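Undergrad: Here you go, my_file_20.csv (CSV, C-alpha atoms and all ligand atoms):
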chain,number,residue,atom,x,y,z
A,281,MET,CA,24.0,19.2,0.1
A,282,SER,CA,25.1,18.8,3.6
A,283,PHE,CA,25.4,21.5,6.2
A,284,SER,CA,28.0,24.2,6.4
A,285,LEU,CA,28.8,27.2,8.5
A,286,PRO,CA,27.6,30.3,6.6
A,287,ALA,CA,30.0,33.2,6.5
A,288,LEU,CA,29.1,36.3,8.5
A,289,PRO,CA,27.5,38.8,6.2
A,290,TYR,CA,29.6,41.6,7.8
A,291,ALA,CA,32.9,42.0,9.6
A,292,ALA,CA,33.0,40.6,13.2
A,293,ASP,CA,33.8,44.0,14.6
A,294,SER,CA,31.0,45.8,12.7
A,295,LEU,CA,28.3,45.3,15.3
A,296,GLU,CA,30.3,46.9,18.1
A,297,LYS,CA,27.5,49.2,19.1
A,298,ALA,CA,25.7,46.1,20.5
A,299,ILE,CA,28.1,43.1,20.4
A,300,ASP,CA,31.9,43.1,20.7
A,301,LYS,CA,34.2,41.6,18.1
A,302,THR,CA,35.6,38.7,20.3
A,303,THR,CA,32.1,37.6,21.2
A,304,MET,CA,31.1,37.6,17.5
A,305,GLU,CA,34.2,35.6,16.6
A,306,ILE,CA,33.8,32.9,19.3
A,307,HIS,CA,30.0,32.8,18.9
A,308,HIS,CA,30.2,32.3,15.1
A,309,GLY,CA,33.5,30.5,14.6
A,310,ARG,CA,33.3,28.1,17.6
A,311,HIS,CA,29.7,27.8,18.9
A,312,HIS,CA,27.9,27.9,15.6
A,313,LYS,CA,30.6,25.8,13.9
A,314,ALA,CA,30.2,23.2,16.7
A,315,TYR,CA,26.4,23.0,16.1
A,316,VAL,CA,27.1,22.4,12.3
A,317,ASP,CA,29.8,19.8,13.0
A,318,ASN,CA,27.7,18.0,15.6
A,319,LEU,CA,24.6,18.0,13.4
A,320,ILE,CA,26.6,16.4,10.5
A,321,ALA,CA,28.0,13.8,12.9
A,322,ALA,CA,24.5,13.0,14.4
A,323,LEU,CA,23.1,12.4,10.9
A,324,ALA,CA,25.9,10.1,9.7
A,325,GLY,CA,24.4,7.4,7.6
A,326,HIS,CA,21.1,9.3,7.2
A,327,ASP,CA,21.7,10.7,3.7
A,328,HIS,CA,18.0,11.7,3.2
A,329,LEU,CA,18.2,13.9,6.3
A,330,LEU,CA,21.6,15.3,5.5
A,331,ALA,CA,20.1,16.4,2.2
A,332,LYS,CA,17.4,18.6,3.7
A,333,PRO,CA,17.7,22.3,4.2
A,334,VAL,CA,18.1,22.8,7.9
A,335,ASP,CA,14.8,24.7,8.2
A,336,GLN,CA,13.0,21.8,6.6
A,337,LEU,CA,14.8,19.4,8.9
A,338,MET,CA,13.6,21.2,11.9
A,339,ARG,CA,10.0,21.6,10.6
A,340,GLU,CA,10.0,17.8,10.0
A,341,ILE,CA,11.7,17.0,13.2
A,342,LYS,CA,9.2,14.1,13.9
A,343,GLU,CA,10.7,12.3,10.9
A,344,VAL,CA,14.1,12.1,12.6
A,345,PRO,CA,14.6,8.7,14.3
A,346,GLU,CA,14.0,9.0,18.1
A,347,GLY,CA,17.5,7.7,18.9
A,348,ILE,CA,19.1,10.8,17.4
A,349,ARG,CA,16.2,13.3,17.6
A,350,GLN,CA,17.4,15.2,20.7
A,351,LYS,CA,20.9,15.6,19.1
A,352,VAL,CA,19.2,17.0,16.0
A,353,ILE,CA,17.0,19.3,18.0
A,354,ASN,CA,20.1,20.7,19.8
A,355,ASN,CA,22.4,21.0,16.9
A,356,GLY,CA,20.1,21.4,14.0
A,357,GLY,CA,18.2,24.0,16.1
A,358,GLY,CA,21.5,25.6,16.9
A,359,HIS,CA,22.4,25.8,13.2
A,360,ALA,CA,19.0,27.1,12.1
A,361,ASN,CA,18.7,29.6,15.0
A,362,HIS,CA,22.2,31.1,14.5
A,363,THR,CA,21.9,31.3,10.7
A,364,LEU,CA,18.8,33.4,11.2
A,365,PHE,CA,20.5,35.4,14.0
A,366,TRP,CA,23.4,36.6,11.8
A,367,ALA,CA,21.1,37.4,8.9
A,368,THR,CA,18.8,39.6,11.0
A,369,MET,CA,21.5,41.8,12.4
A,370,SER,CA,23.4,44.5,10.4
A,371,PRO,CA,25.9,47.3,11.0
A,372,ASN,CA,23.4,49.6,9.4
A,373,GLY,CA,20.6,48.2,11.5
A,374,GLY,CA,18.4,49.8,14.2
A,375,GLY,CA,15.4,52.1,13.7
A,376,GLU,CA,12.0,50.6,13.3
A,377,PRO,CA,10.1,48.2,11.0
A,378,SER,CA,8.6,49.6,7.8
A,379,GLY,CA,6.1,48.5,5.2
A,380,ARG,CA,3.6,45.7,5.8
A,381,LEU,CA,5.6,44.5,8.9
A,382,ALA,CA,5.2,47.9,10.5
A,383,GLU,CA,1.4,47.8,9.9
A,384,ALA,CA,1.2,44.3,11.4
A,385,VAL,CA,3.2,45.4,14.5
A,386,LYS,CA,0.8,48.3,14.9
A,387,SER,CA,-2.3,46.2,14.6
A,388,THR,CA,-0.9,43.4,16.8
A,389,PHE,CA,0.9,45.4,19.6
A,390,GLY,CA,-0.4,48.9,19.2
A,391,ASP,CA,3.1,50.3,19.1
A,392,PHE,CA,6.7,49.2,18.3
A,393,SER,CA,7.7,50.0,21.9
A,394,VAL,CA,5.2,47.4,23.1
A,395,LEU,CA,6.9,44.8,20.9
A,396,LYS,CA,10.3,45.7,22.3
A,397,THR,CA,9.0,45.5,25.9
A,398,LYS,CA,7.4,42.1,25.3
A,399,ILE,CA,10.5,40.7,23.6
A,400,LYS,CA,12.6,41.8,26.6
A,401,GLU,CA,10.1,40.3,29.0
A,402,ALA,CA,10.3,37.0,27.2
A,403,ALA,CA,14.1,37.2,27.2
A,404,LEU,CA,14.4,37.9,30.9
A,405,ALA,CA,11.7,35.3,31.8
A,406,ARG,CA,13.7,32.6,30.0
A,407,PHE,CA,15.5,30.8,32.8
A,408,GLY,CA,18.9,29.5,31.7
A,409,SER,CA,19.8,29.4,28.0
A,410,GLY,CA,17.4,30.0,25.2
A,411,TRP,CA,15.9,32.5,22.7
A,412,SER,CA,13.3,35.3,22.7
A,413,TRP,CA,11.4,35.3,19.3
A,414,LEU,CA,9.1,37.3,17.1
A,415,VAL,CA,7.3,34.6,15.0
A,416,LEU,CA,4.5,34.2,12.6
A,417,SER,CA,2.1,31.7,13.9
A,418,GLY,CA,-1.1,31.0,12.0
A,419,GLY,CA,-0.4,34.1,10.0
A,420,LYS,CA,-0.3,36.3,13.2
A,421,LEU,CA,2.7,38.0,14.9
A,422,GLU,CA,3.5,36.4,18.2
A,423,ILE,CA,6.2,36.8,20.9
A,424,THR,CA,7.6,33.6,22.4
A,425,SER,CA,10.7,32.1,23.8
A,426,THR,CA,12.3,28.7,23.6
A,427,ALA,CA,14.7,26.8,25.8
A,428,ASN,CA,18.2,25.7,24.7
A,429,GLN,CA,18.3,25.5,20.9
A,430,ASP,CA,14.7,24.6,20.4
A,431,SER,CA,13.5,26.1,17.1
A,432,PRO,CA,10.1,27.6,16.6
A,433,LEU,CA,10.0,25.8,13.3
A,434,MET,CA,9.4,22.5,15.3
A,435,THR,CA,6.0,23.8,16.4
A,436,GLY,CA,5.0,25.1,13.0
A,437,ALA,CA,5.8,28.8,13.6
A,438,PHE,CA,7.9,30.9,11.3
A,439,PRO,CA,10.6,32.9,13.1
A,440,LEU,CA,11.1,36.5,11.9
A,441,PHE,CA,14.0,37.1,14.4
A,442,GLY,CA,15.3,35.8,17.7
A,443,ILE,CA,17.6,37.2,20.3
A,444,ASP,CA,20.1,34.7,21.6
A,445,VAL,CA,20.1,34.9,25.4
A,446,TRP,CA,22.6,32.2,26.0
A,447,GLU,CA,25.4,33.7,28.2
A,448,HIS,CA,27.9,32.9,25.3
A,449,ALA,CA,26.0,35.6,23.3
A,450,TYR,CA,26.7,38.5,25.8
A,451,TYR,CA,28.8,37.5,28.8
A,452,LEU,CA,32.1,39.1,27.8
A,453,ARG,CA,30.7,42.7,27.6
A,454,TYR,CA,27.6,42.5,29.6
A,455,GLN,CA,28.5,39.8,32.2
A,456,ASN,CA,25.2,38.9,33.9
A,457,LYS,CA,23.3,41.9,32.6
A,458,ARG,CA,21.1,40.2,30.1
A,459,ALA,CA,18.7,43.2,30.1
A,460,ASP,CA,21.4,45.6,28.9
A,461,TYR,CA,22.3,43.3,26.1
A,462,VAL,CA,18.7,43.0,24.9
A,463,ASP,CA,18.4,46.8,25.1
A,464,ALA,CA,21.5,47.2,23.0
A,465,TRP,CA,20.5,44.6,20.4
A,466,TRP,CA,17.8,46.8,18.8
A,467,SER,CA,20.6,49.1,17.5
A,468,VAL,CA,21.7,46.3,15.1
A,469,ALA,CA,18.3,44.8,14.2
A,470,ASN,CA,18.1,44.4,10.4
A,471,TRP,CA,14.5,45.5,9.8
A,472,GLU,CA,15.0,45.2,6.0
A,473,GLU,CA,15.7,41.5,6.3
A,474,ILE,CA,13.1,40.9,9.1
A,475,GLY,CA,10.5,42.7,6.9
A,476,ARG,CA,11.5,40.5,3.9
A,477,ARG,CA,10.9,37.4,6.0
A,478,PHE,CA,7.5,38.7,7.1
A,479,ASP,CA,6.5,39.3,3.5
A,480,LYS,CA,7.6,35.8,2.7
A,481,GLY,CA,5.9,34.1,5.6
A,482,ALA,CA,2.7,36.1,6.0
B,1,MN3,MN,24.4,31.3,20.5
Written as structure tokens, that's how I'd like the structure from this file.
TA:
Amino acid sequence: MSFSLPALPYAADSLEKAIDKTTMEIHHGRHHKAYVDNLIAALAGHDHLLAKPVDQLMREIKEVPEGIRQKVINNGGGHANHTLFWATMSPNGGGEPSGRLAEAVKSTFGDFSVLKTKIKEAALARFGSGWSWLVLSGGKLEITSTANQDSPLMTGAFPLFGIDVWEHAYYLRYQNKRADYVDAWWSVANWEEIGRRFDKGA
């Protein structure tokens, strides 16, 4: 296999309660597509790396030759992060986690509202472009953020979801108001899929 742009699992205009159609189309069809194209170009001639699933490529980033490693971090991370981003949103999203994830949120943070506050703090504290994440690290829930397209997979964590806080993710509707975008994001959070990832990774 090589890498390809995954289709959006819903219509581009179906997340309007949080993200407008034009932002979705440009973000998926141009930004994410560019990460995929640039990743394939960066790995030209490295067939064994082109054959890896992108999550494995990022987990094993130290096996990528140093001369192309930063390109793979930027574009492989971009591909992995956005693939997860689309999958963990849904037109039928919102609400709260359930099942084992809900129990873990309660025992780790006390309350779901604390998780939301901490994700927002991480999103607002990230200077410039990056991501705010809920990850599993050593079997425990943790909130973290990364710069640019750095993937939590590179440091051995397993991302459950991430909020993209690059301006390209929110600028058309929210302009500079990153906090308003993060507040709105919860209305499309796909807790079913995030819970499935928790069950898989925990
Ligand atoms: Mn993005």
Undergrad: So which residues touch Ser409 of chain A within 9 Å, counting all atoms listed in the file, skipping near sequence neighbours fewer than 4 positions away, as a count of residues only?
TA: 8
Undergrad: List as a PyMOL selection string the protein and nucleic acid residues near Gly356 of chain A, meaning an atom at most 8 Å away when only C-alpha atoms are counted, but skip any in the same chain fewer than 4 places from it.
TA: chain A and resi 315-316+319+334+337-338+351-352+360
Undergrad: Mind giving me the straight-line distance from atom CA of Lys420 of chain A to atom CA of Asp463 of chain A in Å, one decimal?
TA: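 Interatomic distance here is 24.5 Å.
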Undergrad: Which protein, DNA or RNA residues have an atom within 10 Å of ligand MN3 1 (chain B), counting all atoms listed in the file, as a list in words?
TA: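 The residues near ligand MN3 1 (chain B) are Thr303, Met304, Ile306, His307, His308, Arg310, His311, His312, Tyr315, Gly358, His359, Asn361, His362, Phe365, Ser409, Gly410, Trp411, Asn428, Gln429, Ile443, Asp444, Val445, Trp446, Glu447, His448, Ala449 and Tyr450 of chain A.
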Undergrad: Using all atoms listed in the file, pick whichever of A:Ser393, A:Thr424, A:Asn355, A:Thr388 has the shortest atom-to-atom distance to Glu376 of chain A.
TA: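 Distance minimum relative to Glu376 of chain A lands on A:Ser393.
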Undergrad: Would you compute the distance between atom CA of Pro439 of chain A and atom CA of Val415 of chain A? Give it in Å to one decimal.
TA: 4.2 Å
Undergrad: Could you check which of A:Asn318, A:Thr363, A:Asn354, A:Ser378 is closest to Ala287 of chain A, using only C-alpha atoms?
TA: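 Residue with the minimum atom-to-atom distance to Ala287 of chain A: A:Thr363.
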Undergrad: Distance atom CA of Ser431 of chain A-atom CA of Asn470 of chain A, one decimal place?
TA: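 Those two atoms sit 20.0 Å apart.
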Undergrad: Using only C-alpha atoms for the distances, tell me which of A:Ser412, A:Gly374, A:Glu340, A:Phe283 is nearest to Ala321 of chain A.
TA: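 Selected residue with least distance to Ala321 of chain A: A:Phe283.
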Undergrad: Around (22.5, 17.0, 7.2), as given in the file, which residues come within 7 Å? Count only C-alpha atoms and list them as number ranges by chain.
TA: A: 282-283, 319-320, 323, 329-332
Undergrad: Between A:Thr368, A:Gly357, A:Gly408, A:His326, which one has atoms that come closest to Pro345 of chain A, using all atoms listed in the file?
TA: A:His326
Undergrad: Given only C-alpha atoms as the basis, pick out the residue of A:Leu414, A:Ala292, A:Ile299, A:Ala314 nearest to Ala384 of chain A.
TA: A:Leu414
Undergrad: With distances taken over only C-alpha atoms, which of A:Trp366, A:Pro289, A:Ser467, A:Ile341 is nearest to Pro432 of chain A?
TA: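 Looking at the shortest contact to Pro432 of chain A, the residue is A:Ile341.
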Undergrad: Considering all atoms listed in the file, return as a ChimeraX atom specification whatever protein or nucleic-acid residues lie within 9 Å of Ala464 of chain A, sequence-local ones (same chain, fewer than 3 positions apart) excluded.
TA: /A:297-299,459-461,467-468
Undergrad: At most 12 Å from (15.1, 39.3, 4.3), file frame, all atoms listed in the file: which residues, as a PyMOL selection string?
TA: chain A and resi 364-370+381+439-441+469-481
Undergrad: Those residues with C-alpha atoms, as a short mmCIF file (atom, residue, chain, number, x, y, z; two decimals), in the coordinates of the input please?
TA:
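Saved as again-v1.cif:
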data_model
loop_
_atom_site.label_atom_id
_atom_site.label_comp_id
_atom_site.auth_asym_id
_atom_site.auth_seq_id
_atom_site.Cartn_x
_atom_site.Cartn_y
_atom_site.Cartn_z
CA LEU A 364 18.80 33.40 11.20
CA PHE A 365 20.50 35.40 14.00
CA TRP A 366 23.40 36.60 11.80
CA ALA A 367 21.10 37.40 8.90
CA THR A 368 18.80 39.60 11.00
CA MET A 369 21.50 41.80 12.40
CA SER A 370 23.40 44.50 10.40
CA LEU A 381 5.60 44.50 8.90
CA PRO A 439 10.60 32.90 13.10
CA LEU A 440 11.10 36.50 11.90
CA PHE A 441 14.00 37.10 14.40
CA ALA A 469 18.30 44.80 14.20
CA ASN A 470 18.10 44.40 10.40
CA TRP A 471 14.50 45.50 9.80
CA GLU A 472 15.00 45.20 6.00
CA GLU A 473 15.70 41.50 6.30
CA ILE A 474 13.10 40.90 9.10
CA GLY A 475 10.50 42.70 6.90
CA ARG A 476 11.50 40.50 3.90
CA ARG A 477 10.90 37.40 6.00
CA PHE A 478 7.50 38.70 7.10
CA ASP A 479 6.50 39.30 3.50
CA LYS A 480 7.60 35.80 2.70
CA GLY A 481 5.90 34.10 5.60
#
